[in-house]
file structure11.cif (mmCIF, C-alpha atoms and all ligand atoms)
data_my_file
#
loop_
_atom_site.label_atom_id
_atom_site.label_comp_id
_atom_site.auth_asym_id
_atom_site.auth_seq_id
_atom_site.Cartn_x
_atom_site.Cartn_y
_atom_site.Cartn_z
CA MET A 281 58.74 -23.21 -75.43
CA THR A 282 60.24 -26.68 -76.01
CA VAL A 283 63.97 -27.33 -75.82
CA GLN A 284 65.31 -30.53 -77.39
CA VAL A 285 67.87 -32.16 -75.09
CA GLY A 286 70.36 -35.01 -75.29
CA ILE A 287 71.82 -37.08 -72.44
CA LEU A 288 75.45 -38.24 -72.66
CA GLY A 289 75.98 -41.33 -70.47
CA ALA A 290 72.24 -41.96 -70.43
CA THR A 291 72.42 -45.60 -69.29
CA GLY A 292 74.27 -45.05 -65.98
CA ALA A 293 73.03 -44.36 -62.44
CA VAL A 294 72.80 -40.60 -63.07
CA GLY A 295 71.68 -40.98 -66.70
CA GLN A 296 68.67 -43.00 -65.52
CA ARG A 297 67.72 -40.23 -63.10
CA PHE A 298 67.80 -37.78 -66.03
CA ILE A 299 65.32 -39.99 -67.88
CA GLN A 300 63.09 -40.12 -64.80
CA LEU A 301 63.23 -36.35 -64.13
CA LEU A 302 62.73 -35.34 -67.76
CA ASP A 303 59.61 -37.49 -68.20
CA ASP A 304 56.81 -34.92 -68.69
CA HIS A 305 59.17 -31.99 -68.14
CA PRO A 306 57.46 -28.68 -69.02
CA ILE A 307 60.35 -27.39 -71.21
CA PHE A 308 62.75 -30.23 -72.04
CA GLU A 309 62.07 -33.02 -74.53
CA ILE A 310 64.56 -35.89 -74.88
CA ALA A 311 65.83 -36.15 -78.47
CA ALA A 312 69.12 -38.07 -78.12
CA LEU A 313 70.67 -40.63 -75.77
CA THR A 314 74.31 -41.73 -75.85
CA ALA A 315 76.52 -44.17 -73.93
CA SER A 316 79.60 -46.34 -74.55
CA GLU A 317 80.35 -48.41 -77.66
CA GLN A 318 78.88 -51.47 -75.85
CA SER A 319 75.47 -49.78 -75.65
CA ALA A 320 75.47 -47.97 -79.00
CA GLY A 321 73.00 -49.42 -81.52
CA LYS A 322 70.83 -51.06 -78.82
CA THR A 323 67.46 -49.73 -77.74
CA TYR A 324 67.54 -47.90 -74.42
CA ARG A 325 65.61 -50.77 -72.80
CA GLU A 326 68.26 -53.28 -73.96
CA ALA A 327 71.21 -51.08 -73.02
CA ALA A 328 70.24 -49.75 -69.59
CA LYS A 329 70.26 -51.90 -66.46
CA TRP A 330 67.28 -49.91 -65.17
CA ARG A 331 67.18 -49.49 -61.39
CA VAL A 332 64.83 -46.53 -60.87
CA ASN A 333 61.62 -47.68 -59.17
CA THR A 334 59.34 -46.15 -61.81
CA PRO A 335 59.17 -47.86 -65.24
CA ILE A 336 61.21 -46.60 -68.22
CA PRO A 337 58.89 -44.21 -70.11
CA GLU A 338 57.71 -46.18 -73.16
CA GLU A 339 58.74 -43.52 -75.72
CA ILE A 340 62.28 -43.58 -74.26
CA ALA A 341 62.61 -47.37 -74.04
CA THR A 342 62.59 -47.73 -77.81
CA ILE A 343 65.06 -44.92 -78.66
CA GLU A 344 68.30 -46.25 -80.17
CA VAL A 345 71.30 -45.34 -78.01
CA GLY A 346 73.97 -43.49 -79.99
CA ARG A 347 77.74 -43.28 -79.67
CA THR A 348 79.00 -40.37 -77.56
CA ASP A 349 80.23 -38.41 -80.53
CA PRO A 350 78.92 -35.09 -81.95
CA ALA A 351 78.40 -36.83 -85.30
CA ASP A 352 75.81 -39.13 -83.65
CA VAL A 353 73.77 -36.31 -82.08
CA SER A 354 71.21 -34.38 -84.13
CA ASP A 355 71.78 -30.66 -84.74
CA ASP A 356 68.23 -30.10 -83.46
CA VAL A 357 69.46 -30.74 -79.91
CA ASP A 358 69.76 -27.39 -78.07
CA LEU A 359 71.09 -28.59 -74.71
CA LEU A 360 73.15 -31.57 -73.59
CA PHE A 361 73.16 -33.10 -70.12
CA SER A 362 76.38 -34.98 -69.43
CA SER A 363 76.77 -37.83 -66.93
CA LEU A 364 79.88 -39.50 -68.29
CA PRO A 365 82.76 -40.81 -66.18
CA SER A 366 85.03 -37.79 -65.67
CA SER A 367 87.96 -39.27 -67.58
CA VAL A 368 85.69 -39.81 -70.61
CA ALA A 369 84.01 -36.41 -70.20
CA ALA A 370 87.37 -34.61 -70.15
CA GLU A 371 88.03 -35.93 -73.66
CA VAL A 372 84.56 -35.83 -75.14
CA GLU A 373 82.85 -32.72 -73.73
CA PRO A 374 85.17 -30.22 -75.55
CA ALA A 375 84.32 -31.85 -78.90
CA PHE A 376 80.63 -31.06 -78.33
CA LEU A 377 81.38 -27.54 -77.06
CA GLU A 378 83.45 -26.78 -80.14
CA GLU A 379 80.41 -27.78 -82.20
CA GLY A 380 78.39 -25.10 -80.40
CA TYR A 381 76.36 -27.22 -77.96
CA VAL A 382 75.34 -25.79 -74.60
CA MET A 383 76.08 -28.37 -71.91
CA SER A 384 75.03 -28.85 -68.29
CA SER A 385 77.43 -31.45 -66.90
CA ASN A 386 77.76 -33.55 -63.74
CA SER A 387 81.26 -34.81 -64.38
CA SER A 388 84.06 -33.46 -62.18
CA ASN A 389 86.48 -32.44 -64.97
CA ASP A 390 86.76 -28.65 -65.29
CA ARG A 391 84.61 -27.91 -62.24
CA MET A 392 87.37 -25.80 -60.73
CA ALA A 393 88.47 -24.13 -64.00
CA ASP A 394 88.53 -20.32 -63.65
CA ASP A 395 86.20 -19.85 -66.63
CA VAL A 396 83.64 -22.59 -65.93
CA PRO A 397 80.54 -21.72 -63.88
CA LEU A 398 80.00 -24.20 -61.05
CA THR A 399 76.41 -23.44 -60.20
CA ILE A 400 73.56 -24.23 -57.83
CA PRO A 401 70.73 -21.99 -59.12
CA GLU A 402 69.50 -21.03 -55.63
CA ILE A 403 73.01 -20.15 -54.44
CA ASN A 404 75.07 -18.51 -57.19
CA PRO A 405 73.05 -17.99 -60.40
CA ASP A 406 75.15 -14.90 -61.20
CA HIS A 407 78.20 -17.15 -61.81
CA LEU A 408 76.64 -18.05 -65.20
CA GLY A 409 78.17 -14.75 -66.33
CA LEU A 410 81.47 -16.67 -66.55
CA ILE A 411 80.18 -18.11 -69.84
CA GLU A 412 81.23 -14.88 -71.58
CA VAL A 413 84.75 -15.27 -70.14
CA GLN A 414 84.75 -18.93 -71.19
CA ARG A 415 83.75 -18.12 -74.77
CA ASP A 416 86.49 -15.46 -74.99
CA ASN A 417 89.11 -17.83 -73.55
CA ARG A 418 88.22 -20.97 -75.46
CA GLY A 419 86.67 -19.75 -78.69
CA TRP A 420 83.60 -21.95 -78.11
CA ASP A 421 80.18 -21.01 -79.48
CA GLY A 422 78.73 -23.43 -76.95
CA ALA A 423 78.78 -23.10 -73.16
CA LEU A 424 79.80 -25.43 -70.33
CA VAL A 425 78.16 -25.27 -66.91
CA LYS A 426 78.95 -27.74 -64.14
CA ASN A 427 77.08 -28.76 -61.03
CA PRO A 428 79.09 -29.69 -57.95
CA ASN A 429 79.88 -33.06 -56.48
CA CYS A 430 76.94 -34.76 -54.70
CA SER A 431 78.47 -34.45 -51.22
CA THR A 432 79.26 -30.75 -51.80
CA ILE A 433 75.75 -29.89 -52.96
CA THR A 434 74.27 -31.51 -49.83
CA MET A 435 76.17 -29.11 -47.56
CA VAL A 436 76.65 -25.87 -49.50
CA PRO A 437 73.04 -24.59 -49.32
CA THR A 438 73.28 -24.83 -45.52
CA LEU A 439 76.57 -22.90 -45.53
CA ALA A 440 75.08 -20.26 -47.85
CA ALA A 441 72.19 -19.81 -45.40
CA LEU A 442 74.54 -19.48 -42.41
CA ASP A 443 77.04 -17.19 -44.14
CA GLU A 444 75.06 -14.16 -42.96
CA PHE A 445 76.61 -14.93 -39.53
CA GLY A 446 80.18 -14.89 -40.92
CA LEU A 447 81.37 -18.33 -41.99
CA ASP A 448 84.96 -18.85 -40.78
CA ARG A 449 85.54 -22.60 -40.67
CA VAL A 450 83.67 -25.77 -41.67
CA ASP A 451 84.46 -29.36 -40.62
CA VAL A 452 82.31 -32.05 -42.21
CA THR A 453 82.11 -35.85 -42.00
CA THR A 454 80.02 -37.61 -44.63
CA LEU A 455 78.14 -40.93 -44.68
CA GLN A 456 77.62 -41.46 -48.41
CA ALA A 457 75.32 -43.86 -50.26
CA VAL A 458 76.63 -46.51 -52.66
CA SER A 459 74.81 -45.05 -55.70
CA GLY A 460 77.26 -42.14 -55.48
CA ALA A 461 79.92 -44.45 -56.89
CA GLY A 462 77.89 -45.50 -59.97
CA TYR A 463 77.14 -49.10 -60.93
CA SER A 464 80.65 -50.45 -60.91
CA GLY A 465 81.94 -48.28 -58.05
CA VAL A 466 81.59 -50.46 -54.94
CA THR A 467 81.01 -54.22 -54.93
CA SER A 468 78.56 -55.86 -52.53
CA MET A 469 81.46 -57.81 -50.97
CA GLU A 470 83.12 -54.52 -50.06
CA ILE A 471 80.13 -52.62 -48.67
CA ILE A 472 77.60 -55.00 -47.06
CA ASP A 473 78.14 -55.11 -43.27
CA ASN A 474 80.83 -52.48 -43.67
CA ALA A 475 81.82 -48.81 -43.92
CA ILE A 476 84.72 -47.52 -46.01
CA PRO A 477 86.51 -44.48 -44.57
CA HIS A 478 87.88 -43.29 -47.90
CA ILE A 479 86.37 -42.06 -51.18
CA GLY A 480 89.11 -41.16 -53.64
CA GLY A 481 89.26 -37.42 -54.41
CA GLU A 482 85.98 -36.65 -52.61
CA GLU A 483 87.45 -34.69 -49.71
CA SER A 484 89.35 -32.25 -51.88
CA LYS A 485 86.27 -31.79 -54.08
CA MET A 486 84.20 -30.77 -51.04
CA GLU A 487 86.95 -28.48 -49.78
CA THR A 488 87.47 -26.59 -53.04
CA GLU A 489 84.05 -26.69 -54.75
CA SER A 490 82.32 -25.30 -51.63
CA ARG A 491 84.57 -22.24 -51.63
CA LYS A 492 84.02 -21.67 -55.36
CA LEU A 493 80.22 -21.93 -55.02
CA LEU A 494 80.19 -19.47 -52.12
CA GLY A 495 82.65 -17.14 -53.85
CA SER A 496 81.83 -13.87 -55.57
CA PHE A 497 81.88 -13.01 -59.27
CA ASP A 498 82.63 -9.40 -60.27
CA GLY A 499 81.69 -9.80 -63.93
CA ALA A 500 85.20 -10.77 -65.01
CA GLU A 501 86.75 -12.91 -62.29
CA LEU A 502 85.62 -15.21 -59.54
CA SER A 503 87.02 -15.00 -55.98
CA MET A 504 86.77 -18.03 -53.70
CA HIS A 505 85.12 -17.69 -50.27
CA ASP A 506 87.86 -17.47 -47.65
CA ALA A 507 86.36 -19.93 -45.10
CA SER A 508 88.47 -22.99 -44.37
CA VAL A 509 86.64 -26.23 -45.26
CA ASN A 510 87.85 -29.64 -44.04
CA ALA A 511 86.13 -32.87 -45.07
CA SER A 512 86.25 -36.54 -44.10
CA CYS A 513 84.30 -38.75 -46.54
CA ASN A 514 82.95 -42.24 -45.84
CA ARG A 515 80.93 -44.78 -47.84
CA ILE A 516 78.16 -46.66 -46.01
CA PRO A 517 75.66 -49.31 -47.21
CA THR A 518 72.68 -47.03 -47.93
CA LEU A 519 71.39 -47.01 -51.50
CA ASP A 520 70.61 -43.30 -52.04
CA GLY A 521 70.97 -40.18 -49.86
CA HIS A 522 74.14 -38.67 -48.42
CA LEU A 523 74.02 -37.78 -44.71
CA GLU A 524 76.63 -35.30 -43.42
CA SER A 525 77.63 -34.05 -39.95
CA VAL A 526 78.73 -30.44 -40.19
CA PHE A 527 80.54 -28.31 -37.58
CA VAL A 528 80.62 -24.57 -38.38
CA ASP A 529 82.52 -21.76 -36.73
CA LEU A 530 80.51 -18.52 -37.25
CA ALA A 531 81.86 -15.06 -36.35
CA ASP A 532 78.52 -13.79 -35.00
CA GLU A 533 77.75 -16.89 -32.87
CA PRO A 534 74.00 -17.24 -33.60
CA SER A 535 71.82 -19.30 -31.26
CA PRO A 536 70.46 -22.62 -32.64
CA ALA A 537 67.04 -20.96 -33.00
CA GLU A 538 68.53 -18.11 -35.08
CA ALA A 539 70.45 -20.60 -37.23
CA ARG A 540 67.32 -22.74 -37.79
CA GLN A 541 65.40 -19.61 -38.78
CA ALA A 542 68.10 -18.59 -41.31
CA LEU A 543 68.21 -22.11 -42.77
CA ALA A 544 64.43 -22.42 -43.14
CA ALA A 545 64.10 -18.91 -44.60
CA TYR A 546 66.84 -19.27 -47.22
CA PRO A 547 65.14 -18.35 -50.53
CA GLY A 548 64.37 -20.81 -53.29
CA ILE A 549 64.22 -19.96 -57.00
CA ASP A 550 61.35 -19.92 -59.45
CA LEU A 551 62.35 -22.74 -61.83
CA PRO A 552 60.22 -25.78 -62.76
CA SER A 553 62.33 -28.36 -60.87
CA ALA A 554 63.15 -26.23 -57.83
CA PRO A 555 61.50 -27.06 -54.50
CA ASP A 556 59.28 -24.34 -53.00
CA GLN A 557 61.45 -24.41 -49.89
CA LEU A 558 65.14 -25.20 -50.41
CA ILE A 559 65.96 -26.36 -46.86
CA HIS A 560 63.64 -28.29 -44.58
CA VAL A 561 64.64 -27.89 -40.93
CA PHE A 562 63.76 -30.39 -38.20
CA GLY A 563 63.31 -28.99 -34.68
CA ASP A 564 64.61 -30.20 -31.30
CA ASP A 565 61.61 -32.53 -31.00
CA GLU A 566 62.99 -34.73 -33.86
CA PRO A 567 66.69 -35.12 -32.99
CA ASP A 568 67.04 -38.34 -35.05
CA ARG A 569 66.27 -36.64 -38.41
CA PRO A 570 67.16 -36.34 -41.24
CA GLN A 571 67.62 -40.00 -42.20
CA PRO A 572 68.42 -41.27 -45.74
CA ARG A 573 65.44 -43.62 -46.09
CA LEU A 574 62.91 -41.20 -44.61
CA ASP A 575 64.07 -37.88 -46.01
CA ARG A 576 65.90 -38.30 -49.34
CA ASP A 577 62.69 -38.07 -51.40
CA ARG A 578 61.41 -34.80 -49.91
CA ALA A 579 60.16 -32.46 -52.68
CA GLU A 580 60.82 -35.13 -55.37
CA GLY A 581 64.39 -35.52 -54.09
CA MET A 582 65.23 -31.83 -54.61
CA GLN A 583 65.08 -30.55 -51.02
CA ILE A 584 67.96 -30.42 -48.52
CA SER A 585 67.08 -31.52 -44.95
CA VAL A 586 68.76 -30.29 -41.78
CA GLY A 587 68.41 -31.41 -38.16
CA GLY A 588 70.20 -31.60 -34.85
CA VAL A 589 71.26 -27.93 -34.80
CA THR A 590 73.21 -27.77 -31.52
CA PRO A 591 75.74 -25.35 -29.99
CA THR A 592 79.36 -26.47 -29.47
CA PRO A 593 82.26 -24.59 -27.79
CA GLN A 594 83.48 -23.63 -31.31
CA GLY A 595 80.14 -22.82 -32.97
CA LEU A 596 77.26 -25.00 -34.15
CA LYS A 597 76.86 -28.57 -35.32
CA TYR A 598 74.06 -30.05 -37.40
CA ASN A 599 73.29 -32.90 -39.79
CA CYS A 600 72.20 -32.39 -43.39
CA LEU A 601 71.00 -34.75 -46.09
CA ALA A 602 70.18 -34.75 -49.81
CA HIS A 603 69.34 -37.31 -52.48
CA ASN A 604 72.72 -37.78 -54.19
CA THR A 605 71.58 -38.89 -57.64
CA ILE A 606 68.71 -36.35 -57.79
CA ARG A 607 69.62 -33.11 -55.95
CA GLY A 608 73.27 -34.16 -56.03
CA ALA A 609 73.46 -35.03 -59.73
CA ALA A 610 70.72 -35.27 -62.38
CA GLY A 611 68.30 -32.88 -60.64
CA ALA A 612 71.12 -30.39 -60.10
CA SER A 613 71.99 -30.53 -63.77
CA VAL A 614 68.37 -30.20 -64.92
CA LEU A 615 68.00 -27.16 -62.64
CA ASN A 616 71.12 -25.62 -64.20
CA GLY A 617 69.59 -26.33 -67.63
CA GLU A 618 66.40 -24.53 -66.58
CA LEU A 619 68.49 -21.58 -65.38
CA LEU A 620 70.33 -21.47 -68.72
CA VAL A 621 66.96 -21.25 -70.49
CA GLU A 622 65.56 -18.70 -68.02
CA GLU A 623 68.60 -16.45 -68.43
CA GLY A 624 68.56 -16.66 -72.23
CA TRP A 625 71.71 -18.72 -72.84
CA ILE A 626 69.66 -21.18 -74.93
P1 LIG B 701 77.84 -44.88 -64.19
O1 LIG B 701 76.65 -45.48 -63.54
O2 LIG B 701 79.11 -45.66 -64.23
O3 LIG B 701 77.42 -44.48 -65.73
C1 LIG B 701 78.36 -44.02 -66.67
C2 LIG B 701 77.71 -43.71 -68.00
O4 LIG B 701 78.73 -43.31 -68.94
C3 LIG B 701 77.01 -44.90 -68.66
O5 LIG B 701 75.94 -44.44 -69.46
C4 LIG B 701 78.10 -45.48 -69.55
O6 LIG B 701 77.59 -46.19 -70.68
C5 LIG B 701 78.76 -44.21 -70.05
N1 LIG B 701 80.14 -44.46 -70.45
C6 LIG B 701 81.12 -45.14 -69.78
N2 LIG B 701 82.27 -45.16 -70.49
C7 LIG B 701 82.02 -44.50 -71.65
C8 LIG B 701 82.80 -44.18 -72.81
N3 LIG B 701 84.08 -44.55 -72.91
N4 LIG B 701 82.20 -43.48 -73.80
C9 LIG B 701 80.91 -43.09 -73.72
N5 LIG B 701 80.12 -43.37 -72.65
C10 LIG B 701 80.66 -44.05 -71.62
O7 LIG B 701 78.24 -43.47 -63.52
P2 LIG B 701 77.28 -42.43 -62.74
O8 LIG B 701 77.22 -42.73 -61.30
O9 LIG B 701 76.01 -42.30 -63.51
O10 LIG B 701 78.15 -41.09 -62.83
C11 LIG B 701 78.25 -40.35 -64.03
C12 LIG B 701 79.02 -39.06 -63.78
O11 LIG B 701 78.31 -38.25 -62.84
C13 LIG B 701 80.42 -39.29 -63.18
O12 LIG B 701 81.32 -38.34 -63.70
C14 LIG B 701 80.19 -39.05 -61.70
O13 LIG B 701 81.37 -38.65 -61.04
C15 LIG B 701 79.15 -37.94 -61.72
N6 LIG B 701 78.31 -37.85 -60.52
C16 LIG B 701 77.72 -38.96 -60.00
C17 LIG B 701 76.93 -38.82 -58.85
C18 LIG B 701 76.23 -39.99 -58.22
O14 LIG B 701 75.62 -39.80 -57.15
N7 LIG B 701 76.27 -41.19 -58.82
C19 LIG B 701 76.74 -37.58 -58.28
C20 LIG B 701 77.35 -36.47 -58.85
C21 LIG B 701 78.12 -36.62 -59.97
P3 LIG B 701 77.47 -47.83 -70.71
O15 LIG B 701 76.25 -48.18 -69.93
O16 LIG B 701 77.35 -48.11 -72.15
O17 LIG B 701 78.74 -48.34 -70.09
#

call {"tool": "encode", "arguments": {"input": "structure11.cif", "output": "structure tokens"}}
result
Amino acid sequence: MTVQVGILGATGAVGQRFIQLLDDHPIFEIAALTASEQSAGKTYREAAKWRVNTPIPEEIATIEVGRTDPADVSDDVDLLFSSLPSSVAAEVEPAFLEEGYVMSSNSSNDRMADDVPLTIPEINPDHLGLIEVQRDNRGWDGALVKNPNCSTITMVPTLAALDEFGLDRVDVTTLQAVSGAGYSGVTSMEIIDNAIPHIGGEESKMETESRKLLGSFDGAELSMHDASVNASCNRIPTLDGHLESVFVDLADEPSPAEARQALAAYPGIDLPSAPDQLIHVFGDDEPDRPQPRLDRDRAEGMQISVGGVTPTPQGLKYNCLAHNTIRGAAGASVLNGELLVEEGWI
């Protein structure tokens, strides 16, 4: 089976990762690329300031970039991946959905809407059932599925694995890579030799999206998980890979060994882009892992790494890491696209 896909915002930091991940994909074939008016009409090679360290696939380099408008995207496209700035996506995505497109989007608009599935396939695939509610509410023939923010997706699989011990409270401090802000997000004068203890809107995204992802869906309505989640988000001068220090208060007080076992045993999912093992766990003998440079590319950038699992008077602390533009963005969206195909929504 081949599914023709389009990428909205194909020239940006996340859009380039889509191109990389979809090269030789077993199901998806790129049939349309869009970006802003400045890029429209140029070939992809001319329009994209390519920064991925594998070359642009030759058949993609010569595609003409279209405007981000349903009229510029062929009807043969079955699935759209969206990596537009959220303010643009909020205006443009509904126009595509009204035209009947199925869309797997990275942008933050609508992530917390009651009728929009916010999905990590290994964690809450059943939330896709919200598409029926969405179609009833909005009258769309299409379907909108979102993946969470890159800092949220780094932590939530670890929380899902530890929830069997009764997750009561989560405190997290992030050290986030510059690619998380896109090309124009942070200038070199701001970030080199520096750390910025504020990322606009990021903390509330982690606090709310985590509870939605871990919530339960009864077929009609979604209930948020009742754990309290508190985040402090910081930008540091790494290129890719968000590192996060997490403190969890768990009702059943597992030992570090029990927690490590639950993390390592958390099940993956059988989809083409999913890693065989979702969470890699470092033992006590490697207390300085995970690190962004060493661990972000594990399992093609799709695996979460955890280390430093240690008891505290309130519970456990540990560090986790994921590749923000792969597992945290384009890879997350591709995986949601694969789930949409697997579950028959396309
Ligand atoms: P980016 O590097 O700034 O790329 C933005 C893309 O959108 C470019 O292709 C750009 O095209 C296009 N675009 C900008 N304005 C447009 C307009 N008015 N109409 C049509 N297209 C327009 O941003 P990014 O880092 O890839 O992020 C994209 C989205 O993913 C954002 O919503 C972001 O919050 C989300 N996200 C990012 C990450 C991450 O780690 N970077 C993680 C998770 C989610 P031109 O090249 O023509 O300007």

call {"tool": "closest_residue", "arguments": {"input": "structure11.cif", "among": "A:Leu424, A:Leu359, A:Ala393, A:Cys600", "to": "Leu408 in chain A", "atoms": "all atoms listed in the file"}}
result
A:Leu424

call {"tool": "atom_distance", "arguments": {"input": "structure11.cif", "atom1": "CA of Leu313 in chain A", "atom2": "CA of Gly481 in chain A"}}
result
28.5 Å

call {"tool": "residues_near_ligand", "arguments": {"input": "structure11.cif", "ligand": "ligand LIG 701 (chain B)", "cutoff": "6 Å", "atoms": "only C-alpha atoms and all ligand atoms", "output": "PyMOL selection string"}}
result
chain A and resi 289-295+315-316+318-319+348+363-366+368+386-388+429-430+459-463+604-605+608-609

call {"tool": "closest_residue", "arguments": {"input": "structure11.cif", "among": "A:Gly588, A:Ser354, A:Asn389, A:Ile287", "to": "Ser367 in chain A", "atoms": "all atoms listed in the file"}}
result
A:Asn389

call {"tool": "residues_near_point", "arguments": {"input": "structure11.cif", "point": "(81.4, -42.8, -83.9)", "cutoff": "12 Å", "atoms": "all atoms listed in the file", "output": "VMD selection string"}}
result
chain A and resid 314 to 317 320 to 321 345 to 353 372

call {"tool": "closest_residue", "arguments": {"input": "structure11.cif", "among": "A:Gly581, A:Pro552, A:Pro567, A:Gly495", "to": "Ala440 in chain A", "atoms": "only C-alpha atoms"}}
result
A:Gly495
